[in-house]
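Next comes coords-v4.cif, with mmCIF, C-alpha atoms.
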data_coords
#
loop_
_atom_site.label_atom_id
_atom_site.label_comp_id
_atom_site.auth_asym_id
_atom_site.auth_seq_id
_atom_site.Cartn_x
_atom_site.Cartn_y
_atom_site.Cartn_z
CA MET E 1 0.00 0.00 0.00
CA ALA E 2 1.40 3.36 -0.95
CA GLU E 3 2.25 5.73 1.86
CA LYS E 4 0.21 8.91 1.73
CA LYS E 5 0.84 12.29 3.21
CA LYS E 6 -2.66 13.71 3.47
CA VAL E 7 -3.35 17.41 3.45
CA ASP E 8 -6.59 18.90 4.76
CA ARG E 9 -7.19 21.54 2.09
CA ALA E 10 -10.13 23.06 3.90
CA GLU E 11 -8.14 23.71 7.06
CA GLN E 12 -4.94 24.83 5.36
CA ALA E 13 -6.40 26.93 2.54
CA PRO E 14 -5.89 30.64 3.25
CA THR E 15 -8.92 32.85 3.57
CA ASN E 16 -7.50 35.86 1.74
CA ALA E 17 -4.97 36.72 -0.88
CA SER E 18 -2.42 38.16 1.53
CA ALA E 19 -2.26 34.88 3.49
CA ALA E 20 -0.76 33.07 0.53
CA GLU E 21 0.42 35.77 -1.81
CA PRO E 22 1.53 34.11 -5.07
CA PRO E 23 5.18 34.80 -5.90
CA ALA E 24 6.02 37.27 -8.64
CA GLY E 25 7.04 34.35 -10.84
CA TRP E 26 8.00 30.73 -10.58
CA VAL E 27 11.54 30.17 -9.32
CA PRO E 28 13.42 26.88 -8.98
CA THR E 29 14.30 25.49 -5.58
CA ALA E 30 17.87 25.96 -4.39
CA ALA E 31 18.51 22.22 -4.85
CA ALA E 32 17.13 22.26 -8.41
CA LYS E 33 19.25 25.31 -9.24
CA GLN E 34 22.38 23.60 -7.91
CA LYS E 35 21.61 20.37 -9.78
CA ALA E 36 21.01 22.31 -13.00
CA THR E 37 24.33 24.11 -12.58
CA THR E 38 26.13 20.79 -12.08
CA PHE E 39 24.51 19.31 -15.20
CA ARG E 40 25.52 22.37 -17.23
CA TRP E 41 29.14 22.22 -16.08
CA ILE E 42 29.38 18.53 -16.94
CA ALA E 43 27.78 19.18 -20.34
CA ALA E 44 30.21 22.04 -20.99
CA VAL E 45 33.20 19.79 -20.19
CA LEU E 46 31.89 17.03 -22.47
CA TRP E 47 31.31 19.51 -25.29
CA ALA E 48 34.78 20.99 -24.80
CA VAL E 49 36.32 17.51 -25.08
CA ALA E 50 34.23 16.83 -28.21
CA ILE E 51 35.50 20.03 -29.86
CA ALA E 52 39.05 19.21 -28.75
CA GLY E 53 38.62 15.82 -30.44
CA GLU E 54 37.51 17.59 -33.59
CA ALA E 55 40.68 19.72 -33.45
CA VAL E 56 42.79 16.58 -33.12
CA GLY E 57 41.06 15.17 -36.18
CA ILE E 58 41.58 18.33 -38.23
CA PHE E 59 45.10 19.32 -37.25
CA TRP E 60 46.68 15.90 -36.77
CA LEU E 61 44.68 12.90 -37.97
CA LEU E 62 43.64 14.21 -41.38
CA ARG E 63 47.25 15.27 -42.06
CA GLN E 64 48.54 11.71 -41.76
CA ARG E 65 49.84 10.19 -45.00
CA VAL E 66 52.17 7.49 -46.24
CA PHE E 67 54.17 7.67 -49.45
CA VAL E 68 54.14 4.88 -52.00
CA GLY E 69 56.94 4.63 -54.58
CA GLU E 70 59.60 6.50 -52.60
CA ASP E 71 62.28 5.28 -55.03
CA GLY E 72 61.02 7.72 -57.62
CA THR E 73 63.37 10.07 -59.43
CA LEU E 74 63.72 13.81 -59.02
CA VAL E 75 62.42 15.92 -61.90
CA ARG E 76 62.18 19.67 -62.41
CA ASP E 77 58.73 21.24 -62.94
CA PRO E 78 59.22 23.59 -65.93
CA ASP E 79 56.31 25.80 -64.80
CA THR E 80 57.59 26.45 -61.29
CA GLY E 81 61.25 25.55 -61.48
CA LEU E 82 60.85 23.40 -58.35
CA LEU E 83 62.05 19.85 -57.95
CA GLN E 84 59.52 17.05 -57.59
CA GLU E 85 59.87 13.37 -56.84
CA GLN E 86 58.22 11.61 -59.75
CA GLY E 87 56.50 8.30 -59.08
CA VAL E 88 55.75 8.98 -55.37
CA THR E 89 52.07 8.84 -54.28
CA ALA E 90 50.70 10.06 -50.94
CA GLN E 91 47.96 7.93 -49.36
CA PHE E 92 45.84 8.20 -46.22
CA PRO E 93 46.96 5.32 -43.97
CA GLN E 94 44.45 2.67 -42.97
CA TRP E 95 45.18 3.08 -39.24
CA ALA E 96 44.36 6.78 -39.49
CA PHE E 97 41.13 5.98 -41.35
CA ILE E 98 40.01 3.59 -38.59
CA ALA E 99 41.05 6.12 -35.93
CA LEU E 100 39.00 8.77 -37.74
CA LEU E 101 35.86 6.60 -37.63
CA VAL E 102 36.39 5.95 -33.92
CA LEU E 103 36.93 9.67 -33.33
CA LEU E 104 33.64 10.50 -35.06
CA VAL E 105 31.79 8.06 -32.79
CA VAL E 106 33.48 9.49 -29.69
CA ILE E 107 32.61 13.07 -30.70
CA ALA E 108 28.98 12.03 -31.23
CA ALA E 109 28.80 10.28 -27.85
CA LEU E 110 30.25 13.29 -26.04
CA SER E 111 28.01 15.74 -27.88
CA ILE E 112 24.81 13.72 -27.30
CA THR E 113 25.54 13.05 -23.63
CA GLY E 114 26.22 16.74 -23.07
CA SER E 115 22.97 17.67 -24.85
CA LEU E 116 20.88 15.30 -22.72
CA LEU E 117 22.37 16.71 -19.53
CA TRP E 118 21.85 20.27 -20.77
CA LYS E 119 18.16 19.57 -21.49
CA LYS E 120 17.74 18.08 -18.00
CA ALA E 121 19.24 21.28 -16.58
CA ASN E 122 16.81 23.39 -18.61
CA ARG E 123 13.86 21.50 -17.16
CA LEU E 124 15.07 22.21 -13.66
CA ASP E 125 16.02 25.84 -14.31
CA PRO E 126 14.42 27.12 -17.55
CA ALA E 127 14.84 30.43 -19.32
CA ARG E 128 12.11 33.01 -19.86
CA LYS E 129 10.48 32.84 -23.27
CA SER E 130 10.17 36.62 -23.22
CA GLU E 131 13.99 36.78 -23.48
CA THR E 132 13.88 35.52 -27.06
CA VAL E 133 17.58 35.23 -27.90
CA ARG E 134 18.60 33.72 -24.57
CA PHE E 135 15.64 31.32 -24.67
CA PHE E 136 16.60 30.06 -28.13
CA VAL E 137 20.32 29.73 -27.43
CA GLN E 138 19.87 28.12 -24.02
CA ASN E 139 17.42 25.52 -25.31
CA GLN E 140 19.08 24.74 -28.65
CA LEU E 141 22.70 24.95 -27.52
CA GLY E 142 23.09 21.18 -27.81
CA ALA E 143 22.25 21.28 -31.52
CA ILE E 144 24.52 24.29 -32.05
CA ILE E 145 27.45 22.52 -30.37
CA ALA E 146 26.84 19.39 -32.46
CA ILE E 147 27.10 21.46 -35.65
CA VAL E 148 30.30 23.12 -34.42
CA ALA E 149 31.80 19.77 -33.41
CA PHE E 150 31.08 18.04 -36.72
CA LEU E 151 30.69 20.43 -39.65
CA PRO E 152 34.33 21.60 -40.09
CA LEU E 153 35.63 18.04 -39.73
CA ILE E 154 33.15 16.65 -42.26
CA ILE E 155 34.00 19.38 -44.78
CA LEU E 156 37.72 18.67 -44.44
CA ILE E 157 37.11 14.93 -44.85
CA PHE E 158 35.57 15.57 -48.28
CA LEU E 159 38.37 18.00 -49.17
CA ASN E 160 41.16 15.61 -48.15
CA LYS E 161 43.28 14.80 -51.21
CA ASP E 162 45.06 11.80 -49.72
CA MET E 163 41.98 9.66 -48.99
CA ASP E 164 40.84 7.27 -51.67
CA LYS E 165 37.22 7.35 -52.84
CA GLY E 166 36.14 4.51 -50.57
CA GLN E 167 37.66 6.04 -47.45
CA LYS E 168 36.23 9.44 -48.18
CA THR E 169 32.72 8.08 -48.88
CA THR E 170 32.66 5.89 -45.77
CA ALA E 171 34.03 8.55 -43.42
CA GLY E 172 31.75 11.19 -44.93
CA ILE E 173 28.59 9.10 -44.57
CA VAL E 174 29.43 8.08 -41.01
CA GLY E 175 30.22 11.68 -40.10
CA ILE E 176 27.00 13.05 -41.60
CA ALA E 177 24.86 10.34 -39.98
CA LEU E 178 26.38 10.89 -36.54
CA ALA E 179 26.17 14.67 -36.91
CA ALA E 180 22.49 14.45 -37.86
CA LEU E 181 21.80 12.22 -34.86
CA ALA E 182 23.64 14.58 -32.50
CA VAL E 183 21.83 17.63 -33.89
CA VAL E 184 18.37 16.03 -33.66
CA LEU E 185 18.98 14.84 -30.09
CA GLY E 186 20.40 18.27 -29.23
CA ILE E 187 17.23 20.07 -30.35
CA ASP E 188 14.60 20.69 -27.67
CA PHE E 189 11.33 20.60 -29.60
CA ASN E 190 9.20 21.65 -26.64
CA PRO E 191 11.45 23.54 -24.21
CA PRO E 192 10.04 24.57 -20.83
CA SER E 193 9.95 28.18 -19.75
CA VAL E 194 9.55 30.18 -16.58
CA GLU E 195 6.24 31.44 -18.00
CA GLN E 196 4.95 27.88 -18.42
CA TYR E 197 5.89 26.88 -14.89
CA THR E 198 4.41 30.11 -13.54
CA ALA E 199 1.09 29.40 -15.31
CA ASP E 200 0.92 25.92 -13.76
CA GLN E 201 1.77 27.38 -10.36
CA SER E 202 -0.87 30.11 -10.73
CA ALA E 203 -3.51 27.55 -11.68
CA VAL E 204 -2.66 25.39 -8.66
CA ILE E 205 -2.88 28.32 -6.24
CA GLN E 206 -6.23 29.47 -7.65
CA LEU E 207 -7.66 25.94 -7.60
CA LEU E 208 -6.37 24.84 -4.19
CA GLY E 209 -5.66 28.08 -2.35
CA GLN E 210 -1.97 27.26 -1.94
CA ASP E 211 1.04 26.13 -3.93
CA GLU E 212 0.93 22.47 -2.91
CA VAL E 213 0.69 19.45 -5.19
CA VAL E 214 1.27 15.68 -5.01
CA TRP E 215 3.29 13.26 -7.14
CA VAL E 216 5.03 9.89 -7.15
CA ASP E 217 8.48 8.96 -8.40
CA GLY E 218 7.15 7.59 -11.70
CA GLY E 219 5.44 9.75 -14.31
CA ALA E 220 6.08 13.24 -15.60
CA VAL E 221 3.21 15.29 -14.11
CA TYR E 222 2.06 16.40 -10.68
CA HIS E 223 -1.48 16.25 -9.33
CA VAL E 224 -3.94 18.21 -7.20
CA CYS E 225 -5.38 15.20 -5.34
CA ASP E 226 -3.74 12.24 -3.60
CA GLN E 227 -6.75 9.95 -4.10
CA VAL E 228 -6.54 9.48 -7.89
CA SER E 229 -5.55 6.16 -9.46
CA ALA E 230 -2.67 7.75 -11.41
CA ILE E 231 -0.57 7.95 -8.24
CA GLN E 232 -1.74 4.74 -6.54
CA THR E 233 1.34 2.92 -7.78
CA GLY E 234 2.77 1.55 -4.57
CA SER E 235 5.35 4.32 -4.47
CA GLU E 236 5.40 6.92 -1.74
CA ILE E 237 3.08 9.80 -2.50
CA ARG E 238 5.04 13.01 -2.12
CA THR E 239 3.68 16.46 -1.32
CA GLY E 240 5.33 19.81 -2.00
CA THR E 241 5.29 23.00 -4.01
CA THR E 242 5.21 23.09 -7.81
CA ALA E 243 8.91 24.04 -7.74
CA GLU E 244 9.67 20.97 -5.63
CA ALA E 245 7.68 18.84 -8.06
CA VAL E 246 9.77 20.18 -10.95
CA GLU E 247 12.91 19.44 -8.94
CA ALA E 248 11.64 15.84 -8.70
CA GLY E 249 11.30 15.66 -12.49
CA LYS E 250 7.59 16.46 -12.88
CA ILE E 251 7.48 19.07 -15.59
CA ARG E 252 3.83 20.14 -15.60
CA LEU E 253 0.45 20.11 -13.92
CA THR E 254 -1.87 17.31 -15.02
CA LEU E 255 -4.62 18.42 -17.40
CA GLN E 256 -7.03 16.06 -15.62
CA PHE E 257 -7.24 18.38 -12.62
CA ALA E 258 -11.05 18.71 -12.80
CA SER E 259 -11.68 15.00 -12.23
CA GLU E 260 -8.98 14.99 -9.55
CA LEU E 261 -10.67 17.83 -7.68
CA ARG E 262 -13.90 15.79 -7.70
CA ALA E 263 -12.04 12.74 -6.42
CA CYS E 264 -10.94 14.74 -3.36
CA ASP E 265 -14.40 16.33 -2.90
CA LEU E 266 -13.04 19.75 -3.78
CA ALA E 267 -14.93 22.41 -5.71
CA VAL E 268 -14.49 22.40 -9.49
CA PRO E 269 -14.69 25.72 -11.35
CA GLU E 270 -17.45 26.04 -13.93
CA ASN E 271 -14.90 27.01 -16.60
CA ALA E 272 -12.59 24.04 -15.94
CA ASP E 273 -12.57 23.19 -19.65
CA GLU E 274 -11.39 26.70 -20.56
CA ILE E 275 -8.62 26.54 -17.96
CA THR E 276 -7.59 23.11 -19.28
CA GLU E 277 -7.33 24.34 -22.87
CA ALA E 278 -5.39 27.43 -21.80
CA LEU E 279 -2.93 25.29 -19.81
CA ARG E 280 -2.62 22.89 -22.74
CA ALA E 281 -1.65 25.78 -25.02
CA ILE E 282 0.77 27.29 -22.48
CA GLN E 283 2.40 23.93 -21.80
CA ALA E 284 2.84 23.55 -25.57
CA GLY E 285 4.80 26.80 -25.64
CA GLN E 286 2.07 29.36 -26.37
CA VAL E 287 2.88 31.33 -23.24
CA ASP E 288 0.96 34.44 -24.35
CA THR E 289 -2.29 32.51 -23.88
CA LEU E 290 -4.59 34.04 -21.25
CA LEU E 291 -5.05 31.79 -18.23
CA PRO E 292 -8.71 32.29 -17.21
CA ALA E 293 -9.54 32.92 -13.57
CA PRO E 294 -11.68 30.13 -12.08
CA VAL E 295 -15.41 30.79 -12.12
CA TRP E 296 -17.13 29.25 -9.10
CA ALA E 297 -20.82 28.33 -8.90
CA ASP E 298 -20.79 29.55 -5.30
CA PRO E 299 -18.31 32.35 -4.48
CA ALA E 300 -17.79 30.64 -1.12
CA ASP E 301 -16.19 27.71 -3.01
CA ALA E 302 -13.23 29.86 -4.02
CA PRO E 303 -10.23 28.65 -1.98
CA ILE E 304 -8.50 32.00 -2.42
CA GLN E 305 -9.45 35.50 -3.44
CA VAL E 306 -6.94 37.16 -5.74
CA GLU E 307 -7.58 40.72 -6.84
CA GLU E 308 -6.99 41.83 -10.42
CA ALA E 309 -3.82 43.84 -10.81
CA PRO E 310 -4.47 47.55 -11.56
CA ALA E 311 -4.20 48.53 -15.21
CA GLU E 312 -0.93 50.28 -16.06
#

Re-express the file's structure as structure tokens.
Amino acid sequence: MAEKKKVDRAEQAPTNASAAEPPAGWVPTAAAKQKATTFRWIAAVLWAVAIAGEAVGIFWLLRQRVFVGEDGTLVRDPDTGLLQEQGVTAQFPQWAFIALLVLLVVIAALSITGSLLWKKANRLDPARKSETVRFFVQNQLGAIIAIVAFLPLIILIFLNKDMDKGQKTTAGIVGIALAALAVVLGIDFNPPSVEQYTADQSAVIQLLGQDEVVWVDGGAVYHVCDQVSAIQTGSEIRTGTTAEAVEAGKIRLTLQFASELRACDLAVPENADEITEALRAIQAGQVDTLLPAPVWADPADAPIQVEEAPAE
């Protein structure tokens, strides 16, 4: 039987807005901030090693060559007046070709691992979508690094004059395939934002009267009721703020909050469907979507009274 930490909403819900004044905006917990910083430092080191590996490939590995026919004779080029050794052919050695393929795999592994850690950090400590440039760079940095770590090396592979056709084709295809994989895995197609987390937090406070939700170790969402089947998994049911839920890896409020409120015998706003659709849009990245205020059948059902901010 799962352990439950029950919360009496009726007793703990504040009676006025000042008793539980919502914060100016969602902020990560200190532990989440520290964990995100650690992930970003590790990712930065991995990316730095990947780029260093690329430099090794460009400035050392691709310059390797062996000469065939070294018993050739010296001849003078009539156009330049310089001496040349006729009959000598430079080739890219097989050991260097194998080392190049291994290097490409290592660069991809470092780049992808760094990107996954960076995306975890962004879920713990996201950027604001209103800061457009920072939001884009912070969330797509993994893909940018993958391009930097692969593109120059791939170009120089195709420009290498010592590789034979087979070596160049094989190394080029492997490089492009690994680069594409690293770029795709580095892209965050639905990055979180402070605005998204703030909307979820605001909805929770208006629905429950306080910033307190429940979750279990499995799953990716947090809930407003500890009686629903989604969290009766045998794991300990945890209770905390929305920021603590995000720290635990739960990235959003469940969109089934209306049925969960009923399960805990809590009031459900008449416009629950409108709130659900607004949250769905905000969680999908449309952070300019208006989050409707709950409309209660009986004003006494409102767990908190929050005044409208004065127009500027």

Place a sphere of radius 8 Å on (-7.2, 33.2, -5.5) in the file coordinates and name every protein, DNA or RNA residue with an atom inside or on its surface, counting all atoms listed in the file; give the answer as a tab-separated table (two decimals) with C-alpha atoms, in the frame of the given file.
chain	number	residue	atom	x	y	z
E	16	ASN	CA	-7.50	35.86	1.74
E	17	ALA	CA	-4.97	36.72	-0.88
E	205	ILE	CA	-2.88	28.32	-6.24
E	206	GLN	CA	-6.23	29.47	-7.65
E	207	LEU	CA	-7.66	25.94	-7.60
E	209	GLY	CA	-5.66	28.08	-2.35
E	302	ALA	CA	-13.23	29.86	-4.02
E	303	PRO	CA	-10.23	28.65	-1.98
E	304	ILE	CA	-8.50	32.00	-2.42
E	305	GLN	CA	-9.45	35.50	-3.44
E	306	VAL	CA	-6.94	37.16	-5.74
E	307	GLU	CA	-7.58	40.72	-6.84

Quick one: contact table of region 125-191 of chain E to region 243-258 of chain E, 12 Å max, nearest atom pair and distance in Å to one decimal per residue, counting all atoms listed in the file, chain and number order, as a Markdown table?
| residue | atom | partner | partner_atom | distance |
| --- | --- | --- | --- | --- |
| E:Asp125 | CA | E:Glu247 | CA | 8.9 |
| E:Pro126 | CA | E:Val246 | CA | 10.6 |
| E:Asn190 | CA | E:Ile251 | CA | 11.5 |
| E:Pro191 | CA | E:Ile251 | CA | 10.5 |

Exercise for review: Rank nothing, just name the residue among E:Leu117, E:Leu290, E:Ala149, E:Ala177 nearest to Ala55 (chain E), using only C-alpha atoms.
Suggested key: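 Closest to Ala55 (chain E), using only C-alpha atoms: E:Ala149.
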
Check your understanding: Excluding same-chain residues fewer than 5 positions from Gly218 (chain E), what lies within 9 Å of it counting only C-alpha atoms, as a ChimeraX atom specification?
Key -> /E:231,233,235,250

Practice item. Rounded to one decimal place, report the CA of Leu151 (chain E)-CA of Val184 (chain E) distance in Å. Key: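 Rounded to one decimal, the two atoms are 14.4 Å apart.
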
If the PyMOL selection byres ((chain E and resi 129-138) around 9) were run on this exact file, what residues would it hold? Put them as a compact mmCIF listing (two decimals) with C-alpha atoms, in the coordinates of the input.
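The result, stored in selection34.txt:
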# COMPACT_ATOMS: atom_id res chain seq x y z
CA TRP E 118 21.85 20.27 -20.77
CA ASN E 122 16.81 23.39 -18.61
CA PRO E 126 14.42 27.12 -17.55
CA ALA E 127 14.84 30.43 -19.32
CA ARG E 128 12.11 33.01 -19.86
CA ASN E 139 17.42 25.52 -25.31
CA GLN E 140 19.08 24.74 -28.65
CA LEU E 141 22.70 24.95 -27.52
CA GLY E 142 23.09 21.18 -27.81
CA ILE E 144 24.52 24.29 -32.05
CA PRO E 191 11.45 23.54 -24.21
CA PRO E 192 10.04 24.57 -20.83
CA SER E 193 9.95 28.18 -19.75
CA VAL E 194 9.55 30.18 -16.58
CA GLU E 195 6.24 31.44 -18.00
CA GLN E 196 4.95 27.88 -18.42
CA GLY E 285 4.80 26.80 -25.64
CA VAL E 287 2.88 31.33 -23.24
